[in-house]
Each structure stands twice: as structure tokens, then as C-alpha cells.
file input10.txt (compact mmCIF, C-alpha atoms)
# COMPACT_ATOMS: atom_id res chain seq x y z
CA MET A 739 30.26 -152.96 439.41
CA SER A 740 34.06 -153.06 439.39
CA GLY A 741 36.74 -151.91 436.99
CA LEU A 742 39.74 -153.83 435.69
CA TYR A 743 43.03 -152.00 435.20
CA ILE A 744 45.68 -153.80 433.11
CA HIS A 745 49.20 -152.38 433.11
CA ILE A 746 51.50 -152.82 430.11
CA PRO A 747 54.84 -151.45 431.32
CA TRP A 748 56.86 -151.03 428.12
CA CYS A 749 57.35 -147.98 425.93
CA VAL A 750 59.63 -146.99 423.05
CA LYS A 751 61.26 -144.20 425.05
CA LYS A 752 60.83 -143.10 428.66
CA CYS A 753 59.61 -139.48 428.79
CA PRO A 754 61.49 -137.18 431.22
CA TYR A 755 58.29 -136.16 433.04
CA CYS A 756 56.86 -139.68 433.45
CA ASP A 757 56.71 -141.25 436.92
CA PHE A 758 54.59 -144.25 435.91
CA ASN A 759 56.01 -147.76 436.05
CA SER A 760 57.34 -147.88 432.49
CA HIS A 761 60.44 -149.43 430.95
CA GLU A 762 61.98 -148.96 427.52
CA LYS A 763 61.38 -151.91 425.25
CA ASP A 764 64.46 -154.11 424.76
CA SER A 765 65.41 -157.67 423.79
CA ARG A 766 63.76 -159.05 426.95
CA PHE A 767 60.35 -157.90 425.75
CA ASP A 768 58.13 -160.99 425.42
CA GLU A 769 54.57 -160.06 424.52
CA ASN A 770 53.14 -163.59 424.42
CA ARG A 771 54.57 -164.52 427.80
CA TYR A 772 53.30 -161.30 429.36
CA VAL A 773 49.78 -161.82 427.99
CA ALA A 774 49.74 -165.37 429.37
CA ARG A 775 50.82 -164.04 432.78
CA LEU A 776 48.12 -161.34 432.69
CA ILE A 777 45.45 -163.94 432.04
CA GLU A 778 46.76 -166.11 434.86
CA ASP A 779 46.83 -163.09 437.19
CA PHE A 780 43.31 -162.06 436.19
CA GLU A 781 41.88 -165.51 436.82
CA GLU A 782 43.35 -165.44 440.33
CA GLU A 783 42.12 -161.93 441.11
CA VAL A 784 38.61 -162.22 439.70
CA GLN A 785 37.84 -165.03 442.16
CA ARG A 786 38.46 -162.58 445.02
CA CYS A 787 36.21 -159.80 443.73
CA ALA A 788 32.48 -160.21 444.30
CA GLN A 789 31.32 -157.48 441.92
CA PRO A 790 31.01 -158.06 438.16
CA ILE A 791 33.40 -156.09 435.92
CA SER A 792 31.96 -153.28 433.79
CA THR A 793 35.04 -151.43 432.52
CA VAL A 794 38.55 -152.36 431.38
CA TYR A 795 41.46 -149.94 431.03
CA PHE A 796 44.78 -150.85 429.36
CA GLY A 797 47.36 -148.34 430.64
CA GLY A 798 51.11 -148.05 430.46
CA GLY A 799 53.74 -147.60 429.28
CA THR A 800 52.41 -147.80 425.78
CA PRO A 801 49.78 -150.53 425.40
CA SER A 802 49.65 -149.94 421.64
CA LEU A 803 53.03 -151.68 421.44
CA PHE A 804 51.04 -154.91 421.80
CA ALA A 805 49.29 -156.45 418.80
CA PRO A 806 45.48 -156.35 418.52
CA GLN A 807 45.31 -160.13 418.94
CA SER A 808 46.80 -159.83 422.42
CA PHE A 809 43.91 -157.60 423.51
CA ALA A 810 41.38 -159.90 421.88
CA GLU A 811 42.83 -162.85 423.81
CA ILE A 812 42.54 -161.05 427.14
CA LEU A 813 39.06 -159.69 426.45
CA ALA A 814 37.79 -163.16 425.52
CA ARG A 815 37.65 -164.16 429.22
CA PRO A 816 34.06 -165.09 430.13
CA GLU A 817 34.12 -162.78 433.18
CA LEU A 818 34.41 -159.82 430.77
CA THR A 819 31.26 -160.60 428.81
CA ASP A 820 29.26 -157.69 430.27
CA VAL A 821 31.98 -155.05 429.98
CA THR A 822 30.64 -151.82 428.45
CA GLU A 823 33.81 -149.72 428.12
CA VAL A 824 37.30 -150.89 427.10
CA THR A 825 39.96 -148.17 426.93
CA MET A 826 43.46 -148.48 425.47
CA GLU A 827 46.17 -145.84 425.79
CA ALA A 828 48.22 -145.21 422.66
CA ASN A 829 50.91 -142.86 421.43
CA PRO A 830 50.87 -141.15 418.03
CA GLY A 831 54.28 -142.37 416.83
CA ALA A 832 53.65 -144.26 413.59
CA VAL A 833 56.02 -147.09 414.57
CA GLU A 834 54.06 -147.91 417.71
CA HIS A 835 50.74 -149.28 416.62
CA HIS A 836 48.85 -151.33 414.09
CA ASP A 837 45.86 -149.93 412.27
CA PHE A 838 43.44 -148.49 414.83
CA ALA A 839 40.55 -150.37 413.22
CA GLU A 840 42.27 -153.63 414.18
CA TYR A 841 42.22 -152.62 417.84
CA ARG A 842 38.57 -151.69 417.47
CA ALA A 843 37.86 -155.14 416.02
CA ALA A 844 39.73 -156.74 418.95
CA GLY A 845 37.26 -155.23 421.42
CA ILE A 846 38.71 -151.80 422.26
CA ASN A 847 35.91 -149.21 422.10
CA ARG A 848 37.61 -146.20 423.68
CA LEU A 849 41.03 -144.82 422.76
CA SER A 850 43.18 -142.40 424.77
CA LEU A 851 45.92 -140.74 422.73
CA GLY A 852 48.96 -139.27 424.53
CA ILE A 853 49.38 -136.13 422.42
CA GLN A 854 50.69 -133.76 425.15
CA SER A 855 51.31 -131.00 422.59
CA PHE A 856 50.84 -130.18 418.91
CA ASN A 857 53.85 -127.85 418.95
CA ASP A 858 57.02 -129.08 417.21
CA ASN A 859 59.14 -126.93 419.51
CA GLN A 860 57.59 -128.42 422.63
CA LEU A 861 57.51 -132.09 421.70
CA PRO A 862 61.32 -132.68 421.70
CA LEU A 863 61.57 -130.95 425.09
CA LEU A 864 59.06 -133.48 426.42
CA GLY A 865 60.98 -136.41 424.96
CA ARG A 866 58.11 -137.35 422.65
CA ILE A 867 58.92 -139.46 419.59
CA HIS A 868 56.18 -138.00 417.38
CA ASP A 869 55.87 -134.62 415.69
CA ALA A 870 52.84 -132.37 415.32
CA ASN A 871 51.82 -133.77 411.92
CA GLU A 872 51.93 -137.35 413.25
CA ALA A 873 49.85 -136.28 416.24
CA ARG A 874 47.14 -134.73 414.05
CA ALA A 875 47.17 -137.69 411.66
CA ALA A 876 46.84 -140.17 414.55
CA CYS A 877 43.87 -138.24 415.94
CA ILE A 878 42.12 -138.26 412.57
CA ARG A 879 42.74 -141.99 412.08
CA ALA A 880 41.47 -142.73 415.58
CA LEU A 881 38.30 -140.69 415.05
CA GLU A 882 37.67 -142.45 411.75
CA ALA A 883 38.22 -145.95 413.19
CA GLY A 884 34.81 -146.20 414.83
CA PHE A 885 35.64 -146.00 418.53
CA SER A 886 32.77 -145.00 420.79
CA SER A 887 35.00 -142.32 422.29
CA VAL A 888 38.45 -140.86 421.65
CA ASN A 889 40.32 -138.94 424.35
CA LEU A 890 43.23 -136.60 423.66
CA ASP A 891 45.75 -136.05 426.48
CA LEU A 892 47.23 -132.54 426.54
CA MET A 893 49.48 -130.77 429.05
CA TYR A 894 50.08 -127.07 429.74
CA GLY A 895 52.76 -125.27 431.70
CA LEU A 896 55.40 -126.86 429.49
CA PRO A 897 59.05 -125.72 429.32
CA GLU A 898 59.33 -122.38 427.47
CA GLN A 899 55.57 -122.40 426.74
CA SER A 900 53.64 -119.14 426.40
CA ILE A 901 49.94 -118.65 427.12
CA ASP A 902 49.30 -118.40 423.38
CA ASP A 903 51.20 -121.66 422.80
CA SER A 904 49.08 -123.52 425.35
CA LEU A 905 45.82 -122.18 423.95
CA GLN A 906 46.90 -123.00 420.40
CA ASP A 907 47.41 -126.62 421.48
CA LEU A 908 43.91 -126.62 422.93
CA GLN A 909 42.41 -125.01 419.83
CA THR A 910 44.02 -127.66 417.63
CA ALA A 911 42.59 -130.43 419.82
CA ILE A 912 39.11 -128.90 419.89
CA ALA A 913 39.10 -128.44 416.11
CA LEU A 914 39.58 -132.21 415.73
CA GLN A 915 36.36 -132.72 417.73
CA PRO A 916 37.26 -135.70 419.94
CA GLN A 917 34.61 -136.80 422.40
CA HIS A 918 36.91 -136.25 425.40
CA ILE A 919 39.91 -134.08 426.29
CA SER A 920 42.17 -134.51 429.32
CA TRP A 921 43.96 -131.21 429.93
CA TYR A 922 46.29 -130.93 432.89
CA GLU A 923 49.34 -129.08 434.15
CA LEU A 924 52.81 -130.57 433.81
CA THR A 925 54.10 -131.57 437.25
CA LEU A 926 57.75 -132.17 438.03
CA GLU A 927 57.65 -135.47 439.90
CA PRO A 928 60.68 -136.28 442.11
CA ASN A 929 61.62 -139.66 440.61
CA THR A 930 61.87 -138.43 437.03
CA VAL A 931 64.48 -136.77 434.83
CA PHE A 932 62.55 -133.49 435.10
CA GLY A 933 62.39 -133.92 438.88
CA LYS A 934 66.16 -134.28 439.11
CA HIS A 935 66.97 -131.70 436.43
CA PRO A 936 64.03 -129.28 436.41
CA PRO A 937 63.40 -127.44 433.14
CA LYS A 938 62.39 -123.81 433.13
CA ILE A 939 58.59 -123.84 433.25
CA PRO A 940 56.30 -120.78 433.12
CA PRO A 941 55.78 -118.84 436.39
CA LEU A 942 52.78 -119.72 438.56
CA GLU A 943 50.75 -116.67 437.51
CA VAL A 944 51.21 -117.62 433.84
CA ARG A 945 50.15 -121.22 434.49
CA ILE A 946 47.06 -119.99 436.34
CA GLU A 947 46.16 -117.81 433.34
CA MET A 948 46.67 -120.76 430.98
CA SER A 949 44.28 -122.80 433.13
CA THR A 950 41.67 -120.04 433.41
CA GLN A 951 41.57 -119.25 429.70
CA GLY A 952 41.75 -122.92 428.72
CA ILE A 953 38.80 -123.92 430.93
CA GLU A 954 36.77 -121.09 429.43
CA MET A 955 37.70 -122.13 425.87
CA LEU A 956 36.76 -125.76 426.49
CA GLY A 957 33.42 -124.78 427.99
CA GLU A 958 32.57 -122.47 425.10
CA SER A 959 33.41 -125.32 422.71
CA GLY A 960 30.95 -127.74 424.30
CA TYR A 961 33.32 -129.66 426.58
CA GLN A 962 31.88 -130.03 430.07
CA ARG A 963 34.40 -130.17 432.88
CA TYR A 964 33.35 -133.06 435.11
CA GLU A 965 36.65 -133.64 436.95
CA VAL A 966 39.75 -131.57 437.70
CA SER A 967 41.40 -132.34 434.35
CA ALA A 968 38.66 -134.16 432.38
CA TYR A 969 36.31 -132.59 429.82
CA ALA A 970 33.66 -134.40 427.80
CA ARG A 971 31.22 -133.58 425.00
CA ASP A 972 27.66 -134.89 425.18
CA HIS A 973 28.24 -136.46 428.63
CA GLN A 974 30.76 -138.96 427.24
CA MET A 975 32.69 -139.28 430.48
CA CYS A 976 35.28 -142.00 431.03
CA ALA A 977 33.31 -144.61 432.99
CA HIS A 978 36.44 -146.39 434.21
CA ASN A 979 37.97 -143.25 435.70
CA TYR A 980 34.59 -142.16 437.05
CA ASN A 981 34.57 -145.39 439.04
CA TYR A 982 37.92 -144.39 440.62
CA TRP A 983 36.62 -140.93 441.48
CA THR A 984 33.47 -142.28 443.14
CA PHE A 985 35.62 -144.63 445.25
CA GLY A 986 34.53 -147.74 443.39
CA ASN A 987 36.32 -151.07 443.42
CA TYR A 988 38.81 -152.16 440.79
CA ILE A 989 41.17 -155.04 440.12
CA GLY A 990 44.72 -154.20 439.08
CA ILE A 991 46.84 -156.67 437.12
CA GLY A 992 50.19 -156.34 435.40
CA ALA A 993 53.62 -155.24 436.61
CA GLY A 994 53.25 -152.54 439.26
CA ALA A 995 49.44 -152.37 438.96
CA HIS A 996 47.39 -151.23 441.95
CA GLY A 997 43.90 -152.36 442.89
CA LYS A 998 41.25 -151.66 445.55
CA ILE A 999 38.70 -154.33 446.36
CA LEU A 1000 36.09 -154.87 449.04
CA ARG A 1001 36.25 -158.34 450.55
CA ASP A 1002 34.61 -159.56 453.77
CA GLU A 1003 33.62 -155.95 454.57
CA ARG A 1004 37.28 -154.86 454.45
CA PHE A 1005 38.86 -152.59 451.85
CA LEU A 1006 42.08 -154.03 450.49
CA ARG A 1007 44.83 -152.30 448.53
CA THR A 1008 46.69 -154.63 446.20
CA ARG A 1009 49.96 -153.97 444.40
CA LYS A 1010 51.77 -156.20 441.94
CA PRO A 1011 55.59 -156.43 441.79
CA LYS A 1012 56.95 -153.45 439.90
CA MET A 1013 59.64 -155.04 437.74
CA PRO A 1014 58.35 -156.91 434.67
CA ASN A 1015 60.73 -159.85 435.20
CA SER A 1016 59.56 -160.30 438.79
CA TYR A 1017 55.95 -160.18 437.67
CA LEU A 1018 56.57 -162.64 434.84
CA ASN A 1019 58.29 -165.03 437.24
CA GLY A 1020 55.23 -165.14 439.49
CA VAL A 1021 56.48 -163.04 442.40
CA VAL A 1022 53.50 -162.39 444.67
CA GLY A 1023 52.39 -158.81 445.18
CA THR A 1024 51.29 -157.11 448.39
CA GLU A 1025 47.87 -156.76 449.97
CA THR A 1026 47.09 -154.32 452.78
CA VAL A 1027 43.90 -153.40 454.62
CA ILE A 1028 42.88 -149.75 454.45
CA ASP A 1029 42.44 -148.59 458.04
CA CYS A 1030 39.03 -147.15 458.91
CA GLY A 1031 40.72 -143.92 459.95
CA GLU A 1032 42.11 -143.49 456.45
CA LEU A 1033 38.86 -144.12 454.59
CA PRO A 1034 37.42 -140.57 454.92
CA VAL A 1035 40.43 -138.88 453.29
CA GLU A 1036 40.75 -141.68 450.70
CA PHE A 1037 37.10 -141.15 449.79
CA MET A 1038 37.34 -137.36 449.70
CA MET A 1039 40.53 -137.12 447.67
CA ASN A 1040 38.64 -138.91 444.91
CA VAL A 1041 35.04 -137.66 444.98
CA LEU A 1042 35.95 -134.01 445.52
CA ARG A 1043 37.74 -134.05 442.16
CA LEU A 1044 34.32 -134.33 440.53
CA THR A 1045 32.73 -130.97 439.71
CA GLU A 1046 29.25 -132.25 440.63
CA GLY A 1047 30.38 -134.27 443.64
CA VAL A 1048 28.18 -137.03 445.08
CA PRO A 1049 25.20 -137.24 447.47
CA ASP A 1050 26.00 -137.32 451.20
CA ALA A 1051 24.70 -140.90 451.31
CA SER A 1052 27.51 -142.03 448.99
CA PHE A 1053 29.98 -141.76 451.85
CA THR A 1054 28.26 -144.57 453.78
CA ASP A 1055 27.46 -146.55 450.64
CA GLN A 1056 31.10 -146.61 449.54
CA THR A 1057 33.02 -146.69 452.84
CA ARG A 1058 30.57 -148.59 455.12
CA LEU A 1059 31.12 -145.83 457.70
CA PRO A 1060 28.37 -143.62 459.20
CA LEU A 1061 28.12 -140.06 457.89
CA SER A 1062 28.67 -138.88 461.46
CA ARG A 1063 32.38 -139.69 460.98
CA ILE A 1064 32.76 -136.65 458.74
CA GLU A 1065 29.88 -134.39 459.81
CA PRO A 1066 32.09 -131.97 461.80
CA GLN A 1067 34.29 -131.39 458.74
CA LEU A 1068 31.26 -131.04 456.45
CA ARG A 1069 29.67 -128.44 458.74
CA ARG A 1070 32.93 -126.51 458.97
CA LEU A 1071 33.53 -126.49 455.20
CA ARG A 1072 29.93 -125.49 454.50
CA SER A 1073 30.14 -122.65 456.99
CA TRP A 1074 33.25 -121.42 455.17
CA GLY A 1075 31.47 -121.48 451.83
CA LEU A 1076 33.76 -124.20 450.45
CA MET A 1077 31.19 -126.98 450.13
CA GLU A 1078 27.59 -127.09 448.89
CA LEU A 1079 24.76 -127.79 451.34
CA ASN A 1080 23.34 -131.33 451.50
CA ARG A 1081 25.84 -132.69 448.98
CA ILE A 1082 29.52 -133.67 449.03
CA GLN A 1083 30.38 -131.14 446.35
CA LEU A 1084 32.75 -128.21 446.39
CA THR A 1085 31.72 -124.66 445.59
CA PRO A 1086 33.82 -122.86 442.96
CA LEU A 1087 35.84 -121.35 445.82
CA GLY A 1088 36.35 -124.78 447.40
CA TYR A 1089 37.34 -126.27 444.06
CA SER A 1090 40.14 -123.73 443.80
CA GLN A 1091 41.42 -124.93 447.19
CA LEU A 1092 40.98 -128.67 446.61
CA ASP A 1093 44.13 -129.87 448.41
CA SER A 1094 43.40 -127.79 451.50
CA VAL A 1095 39.81 -129.06 451.64
CA VAL A 1096 40.90 -132.70 451.36
CA ALA A 1097 43.40 -132.15 454.17
CA GLN A 1098 40.47 -131.43 456.51
CA PHE A 1099 39.65 -135.15 456.44
CA LEU A 1100 43.07 -136.46 457.46
CA ALA A 1101 42.94 -138.72 460.49
CA HIS A 1102 44.12 -137.01 463.66
call {"tool": "encode", "arguments": {"input": "input10.txt", "output": "C-alpha cells"}}
result
Amino acid sequence: MSGLYIHIPWCVKKCPYCDFNSHEKDSRFDENRYVARLIEDFEEEVQRCAQPISTVYFGGGTPSLFAPQSFAEILARPELTDVTEVTMEANPGAVEHHDFAEYRAAGINRLSLGIQSFNDNQLPLLGRIHDANEARAACIRALEAGFSSVNLDLMYGLPEQSIDDSLQDLQTAIALQPQHISWYELTLEPNTVFGKHPPKIPPLEVRIEMSTQGIEMLGESGYQRYEVSAYARDHQMCAHNYNYWTFGNYIGIGAGAHGKILRDERFLRTRKPKMPNSYLNGVVGTETVIDCGELPVEFMMNVLRLTEGVPDASFTDQTRLPLSRIEPQLRRLRSWGLMELNRIQLTPLGYSQLDSVVAQFLAH
């Protein structure tokens, strides 16, 4: 099965830490025209992908800027009949969305809320337009709207944040009892405001302690860590993201969207034009073949994020390459105690050195 990623590039305000392809909404914003272009783009792409689509993910930007009817129109395509999971990202600001139940009625069954923090001192530093009360209220409304799963996005290592502050954020999220929590460290990406004007973030040893105590708290509260920054109750993992991490295929449509599809036994990377106006005007995106020498590291940088990894046979199943291509690296990592025997899965020690382990599979 394949996934479908749909990018909606507009937001109310660009956050200083955000390096996604997002643009502040202005007078050029044309929802109807963009939806029509998405449908046209999808109909072109779906003809090139042999696998049926099982998951849809609306990312951004802030997809909740669009009306529920726009999602219903997209999801009405006959190729999406067998989809089991449809995720929409949303922000808690009250001005940004319609009633959550309307999105549920339009076909969205999983919601991902960009909370980032429940602390009124932290939120302005992150450029967020909501306050802590709006964040809690949005979570409650989302959980009451009947979605199959609600995810809360939280960050730690924020400017001027203490260990207690970070854990309080996590406690607040856990108390709301969402089915899924994404908890990850703030990174200062180069092409962002924070990258150019870095705020004062906690020292490394403090961020490590935040992570250690937070992981323990989530586990004790019934949230199983199944990926580096993803925690789920009752095995309610995000199927769309799980497809990424197991090196599955996915179509990407929308301004700046990326895709990876298998066609004629070749893996292709697709990328749509980044600027919304270019995309709306039909500018053709790019398509490149992933070289065989790059497939091992591409595969590993995804599957090794999963705490339980994958069977050895998955490498051949997903890359069409023989396992012998990576056996020297597997033997070496297993001898060092960084990878489990007979499975592409990191040990706890290996998981703490994820980037170094992945680097072992770079083409030489």
C-alpha cells in the first residue's frame, strides 16, 4: 500500500523555528483554486503509482485554514475509497479552524494538534498565536469530536525552559489522555529566524535530562515509544508515518511536496515546485532516480528510527537489493553491541547513537 501526502502551504503566522514550506496567508490566498489544482495533481500522480492508497496526510502550513468542504472534495476521489487513516494537522488558535466535528464529518479521522507548549511564557517565544488555555480547550474539543486518534505535538529544549517546565508540559498533555503524543527536541534549523538569530536554549546536559525523564514519564503513563519522537497508547501508531519509517511508497502533492514511488523497478523521488503561485500555474516539478548506492542509507535512516526495527528480509523487500549489500555493516554493528541479532533493530546503546549508526551505511 502507498500513502498520500497533501501539502497546504499557508499559515496565519510563520513560526521562527519552522523550516517547512509555509507562507503567511495574504490576499493571494485562493482556497478553491488550490483545491482544484490538488485534485488535478493527484489524478496525474495516481496513474503513475501501482500500489493502492491506504493513508492520507494533510500537512502544512496549517491545513485547518481550509474549510471542511475542501477536504471532503479531495477525499471523494474514487482512488481513495479504501483509505483507512486520514490525518489533518491543525493549530489551536480559535481563529484558524471550523468546528472539529465538521472536519470529522468531511472524512478526517485523525487529528494532529501543534501545541508545542502549554506554558504562556514559552508560547510567545515560539511565535505561537495561541495561549495555554486555547491549547487545552482545543485538545478537549478535538478529543470530544469523535476522531479515531488525536496526536499532540510538543517540543522540549525551548528558550529559557527548565526541566520542570518541560515535564509540566508533558504532564498536562498526558492528563488530557490523547491517543498519541509526538515529543521532540527543538532544533535550530539554518533557514529559519531561530537559525539566523539563535535564542538561548538549555545546555545539552539539561536537554538530555529532559529527554530521559520525559521518556520515563510517558512510558509510566501508558505511552509506548515506537519511534524516536512518537509515543502511542494501545498501539495507536500513526500508520501514515509508519509507512515512511518502513521505507514505503508515497505520493506527494501540493506546493513543495515530496514523494517516493516505485515505478518500473526504479525508486523515484518527486518534488513539486515550492512557491504556491508556481504550483498553481502548473509548473512541473522534478523527478529523480534514487541511485542503488544510496538505497541502503535511505532505508536505514528510516527504519532504524523505529524502536522495534524490522526483519532482515525487509531490506530486500523494500529496496529490491540483496541483503549481502549491507551484511558487512550488520556484522560490524552487531559485534559492537549496537544492533540486535537477526533483526534490523538497534539495541538501547545503538539507539542512543542513531546518527553514527546510520552513517555506517553511507556509500563509499
call {"tool": "residues_around", "arguments": {"input": "input10.txt", "residues": "Glu923 in chain A", "least_positions_apart": "2", "cutoff": "12 Å", "atoms": "all atoms listed in the file", "output": "number ranges by chain"}}
result
A: 755, 854-855, 891-897, 899, 904, 920-921, 925-927, 939-940, 942, 944-950, 952, 966-968
call {"tool": "closest_residue", "arguments": {"input": "input10.txt", "among": "A:Cys976, A:Thr822, A:Trp748, A:Ala843", "to": "Pro806 in chain A", "atoms": "all atoms listed in the file"}}
result
A:Ala843
call {"tool": "atom_distance", "arguments": {"input": "input10.txt", "atom1": "CA of Gly852 in chain A", "atom2": "CA of Asn829 in chain A"}}
result
5.1 Å
call {"tool": "atom_distance", "arguments": {"input": "input10.txt", "atom1": "CA of Arg971 in chain A", "atom2": "CA of Leu849 in chain A"}}
result
15.1 Å
call {"tool": "residues_near_point", "arguments": {"input": "input10.txt", "point": "(33.7, -147.2, 428.0)", "cutoff": "8 Å", "atoms": "only C-alpha atoms", "output": "list in words"}}
result
Thr793, Val794, Thr822, Glu823, Val824, Thr825, Asn847, Arg848, Ser886, Ser887, Cys976, Ala977 and His978 of chain A
call {"tool": "closest_residue", "arguments": {"input": "input10.txt", "among": "A:Glu954, A:Glu811, A:Asp869, A:Asp858", "to": "Gly831 in chain A", "atoms": "only C-alpha atoms"}}
result
A:Asp869
call {"tool": "atom_distance", "arguments": {"input": "input10.txt", "atom1": "CA of Pro754 in chain A", "atom2": "CA of Tyr922 in chain A"}}
result
16.5 Å
call {"tool": "axis_aligned_box", "arguments": {"input": "input10.txt", "around": "range 842-856 of chain A", "padding_each_side": "8 Å", "output": "lines of an AutoDock Vina configuration file"}}
result
center_x = 43.6
center_y = -143.5
center_z = 420.6
size_x = 31.4
size_y = 42.6
size_z = 25.1
call {"tool": "closest_residue", "arguments": {"input": "input10.txt", "among": "A:Cys787, A:Gly1020, A:Arg842, A:Cys877", "to": "Leu1006 in chain A", "atoms": "all atoms listed in the file"}}
result
A:Cys787
call {"tool": "residues_around", "arguments": {"input": "input10.txt", "residues": "Gly986 in chain A", "least_positions_apart": "3", "cutoff": "7 Å", "atoms": "all atoms listed in the file", "output": "list in words"}}
result
Ser740, Asn981 and Tyr982 of chain A
call {"tool": "closest_residue", "arguments": {"input": "input10.txt", "among": "A:Leu813, A:Leu864, A:Leu1000, A:Ala870", "to": "Cys756 in chain A", "atoms": "all atoms listed in the file"}}
result
A:Leu864
call {"tool": "closest_residue", "arguments": {"input": "input10.txt", "among": "A:Phe804, A:Phe838, A:Tyr1089, A:Phe1053", "to": "Met1077 in chain A", "atoms": "all atoms listed in the file"}}
result
A:Tyr1089
call {"tool": "closest_residue", "arguments": {"input": "input10.txt", "among": "A:Ala828, A:Ile912, A:Leu924, A:Cys753", "to": "Ala970 in chain A", "atoms": "all atoms listed in the file"}}
result
A:Ile912
call {"tool": "residues_near_point", "arguments": {"input": "input10.txt", "point": "(55.4, -159.7, 429.7)", "cutoff": "9 Å", "atoms": "all atoms listed in the file", "output": "NGL selection string"}}
result
:A and (746-748 or 766-776 or 992-993 or 1014-1015 or 1017-1018)
call {"tool": "residues_around", "arguments": {"input": "input10.txt", "residues": "Arg1063 in chain A", "least_positions_apart": "2", "cutoff": "12 Å", "atoms": "all atoms listed in the file", "output": "list in words"}}
result
Cys1030, Gly1031, Glu1032, Leu1033, Pro1034, Val1035, Asp1050, Phe1053, Thr1054, Thr1057, Arg1058, Leu1059, Pro1060, Leu1061, Glu1065, Pro1066, Gln1067, Leu1068, Arg1069, Phe1099, Leu1100 and Ala1101 of chain A
call {"tool": "residues_around", "arguments": {"input": "input10.txt", "residues": "Gln1091 in chain A", "least_positions_apart": "3", "cutoff": "12 Å", "atoms": "only C-alpha atoms", "output": "PyMOL selection string"}}
result
chain A and resi 966+1042-1043+1071+1074-1077+1084-1088+1094-1098
call {"tool": "build_atoms", "arguments": {"input": "input10.txt", "residues": "range 1037-1044 of chain A", "atoms": "all heavy atoms", "output": "PDB file, in the frame of the given file"}}
result
ATOM      1  N   PHE A1037      38.352-141.415 450.488  1.00  0.00           N
ATOM      2  CA  PHE A1037      37.100-141.150 449.790  1.00  0.00           C
ATOM      3  C   PHE A1037      37.084-139.724 449.243  1.00  0.00           C
ATOM      4  O   PHE A1037      36.790-139.490 448.063  1.00  0.00           O
ATOM      5  CB  PHE A1037      35.933-141.371 450.759  1.00  0.00           C
ATOM      6  CG  PHE A1037      34.577-141.070 450.182  1.00  0.00           C
ATOM      7  CD1 PHE A1037      33.921-142.006 449.400  1.00  0.00           C
ATOM      8  CD2 PHE A1037      33.962-139.862 450.435  1.00  0.00           C
ATOM      9  CE1 PHE A1037      32.661-141.740 448.870  1.00  0.00           C
ATOM     10  CE2 PHE A1037      32.709-139.582 449.920  1.00  0.00           C
ATOM     11  CZ  PHE A1037      32.052-140.527 449.132  1.00  0.00           C
ATOM     12  N   MET A1038      37.436-138.762 450.088  1.00  0.00           N
ATOM     13  CA  MET A1038      37.340-137.360 449.700  1.00  0.00           C
ATOM     14  C   MET A1038      38.341-136.957 448.627  1.00  0.00           C
ATOM     15  O   MET A1038      38.040-136.144 447.765  1.00  0.00           O
ATOM     16  CB  MET A1038      37.516-136.465 450.935  1.00  0.00           C
ATOM     17  CG  MET A1038      36.345-136.512 451.883  1.00  0.00           C
ATOM     18  SD  MET A1038      34.828-135.895 451.111  1.00  0.00           S
ATOM     19  CE  MET A1038      33.653-136.200 452.427  1.00  0.00           C
ATOM     20  N   MET A1039      39.540-137.528 448.666  1.00  0.00           N
ATOM     21  CA  MET A1039      40.530-137.120 447.670  1.00  0.00           C
ATOM     22  C   MET A1039      40.128-137.568 446.266  1.00  0.00           C
ATOM     23  O   MET A1039      40.659-137.071 445.269  1.00  0.00           O
ATOM     24  CB  MET A1039      41.935-137.636 448.028  1.00  0.00           C
ATOM     25  CG  MET A1039      42.118-139.122 447.891  1.00  0.00           C
ATOM     26  SD  MET A1039      43.863-139.622 448.047  1.00  0.00           S
ATOM     27  CE  MET A1039      44.414-138.767 449.495  1.00  0.00           C
ATOM     28  N   ASN A1040      39.165-138.480 446.205  1.00  0.00           N
ATOM     29  CA  ASN A1040      38.640-138.910 444.910  1.00  0.00           C
ATOM     30  C   ASN A1040      37.372-138.151 444.534  1.00  0.00           C
ATOM     31  O   ASN A1040      37.316-137.497 443.502  1.00  0.00           O
ATOM     32  CB  ASN A1040      38.361-140.418 444.936  1.00  0.00           C
ATOM     33  CG  ASN A1040      39.623-141.245 444.832  1.00  0.00           C
ATOM     34  OD1 ASN A1040      40.223-141.348 443.773  1.00  0.00           O
ATOM     35  ND2 ASN A1040      40.045-141.824 445.942  1.00  0.00           N
ATOM     36  N   VAL A1041      36.338-138.218 445.382  1.00  0.00           N
ATOM     37  CA  VAL A1041      35.040-137.660 444.980  1.00  0.00           C
ATOM     38  C   VAL A1041      35.072-136.138 444.846  1.00  0.00           C
ATOM     39  O   VAL A1041      34.315-135.570 444.045  1.00  0.00           O
ATOM     40  CB  VAL A1041      33.907-138.095 445.927  1.00  0.00           C
ATOM     41  CG1 VAL A1041      33.777-139.596 445.962  1.00  0.00           C
ATOM     42  CG2 VAL A1041      34.098-137.534 447.326  1.00  0.00           C
ATOM     43  N   LEU A1042      35.925-135.473 445.607  1.00  0.00           N
ATOM     44  CA  LEU A1042      35.950-134.010 445.520  1.00  0.00           C
ATOM     45  C   LEU A1042      36.622-133.524 444.243  1.00  0.00           C
ATOM     46  O   LEU A1042      36.566-132.329 443.928  1.00  0.00           O
ATOM     47  CB  LEU A1042      36.630-133.413 446.750  1.00  0.00           C
ATOM     48  CG  LEU A1042      35.847-133.568 448.058  1.00  0.00           C
ATOM     49  CD1 LEU A1042      36.586-132.921 449.219  1.00  0.00           C
ATOM     50  CD2 LEU A1042      34.440-132.971 447.939  1.00  0.00           C
ATOM     51  N   ARG A1043      37.224-134.422 443.478  1.00  0.00           N
ATOM     52  CA  ARG A1043      37.740-134.050 442.160  1.00  0.00           C
ATOM     53  C   ARG A1043      36.608-133.833 441.154  1.00  0.00           C
ATOM     54  O   ARG A1043      36.785-133.160 440.142  1.00  0.00           O
ATOM     55  CB  ARG A1043      38.687-135.131 441.642  1.00  0.00           C
ATOM     56  CG  ARG A1043      39.972-135.287 442.426  1.00  0.00           C
ATOM     57  CD  ARG A1043      40.819-136.428 441.886  1.00  0.00           C
ATOM     58  NE  ARG A1043      41.278-136.147 440.525  1.00  0.00           N
ATOM     59  CZ  ARG A1043      42.412-135.542 440.215  1.00  0.00           C
ATOM     60  NH1 ARG A1043      43.213-135.140 441.180  1.00  0.00           N
ATOM     61  NH2 ARG A1043      42.756-135.341 438.963  1.00  0.00           N
ATOM     62  N   LEU A1044      35.460-134.432 441.436  1.00  0.00           N
ATOM     63  CA  LEU A1044      34.320-134.330 440.530  1.00  0.00           C
ATOM     64  C   LEU A1044      33.621-132.985 440.707  1.00  0.00           C
ATOM     65  O   LEU A1044      33.315-132.585 441.830  1.00  0.00           O
ATOM     66  CB  LEU A1044      33.326-135.461 440.786  1.00  0.00           C
ATOM     67  CG  LEU A1044      33.832-136.872 440.492  1.00  0.00           C
ATOM     68  CD1 LEU A1044      32.855-137.909 441.035  1.00  0.00           C
ATOM     69  CD2 LEU A1044      34.017-137.055 438.986  1.00  0.00           C
TER      70      LEU A1044
END
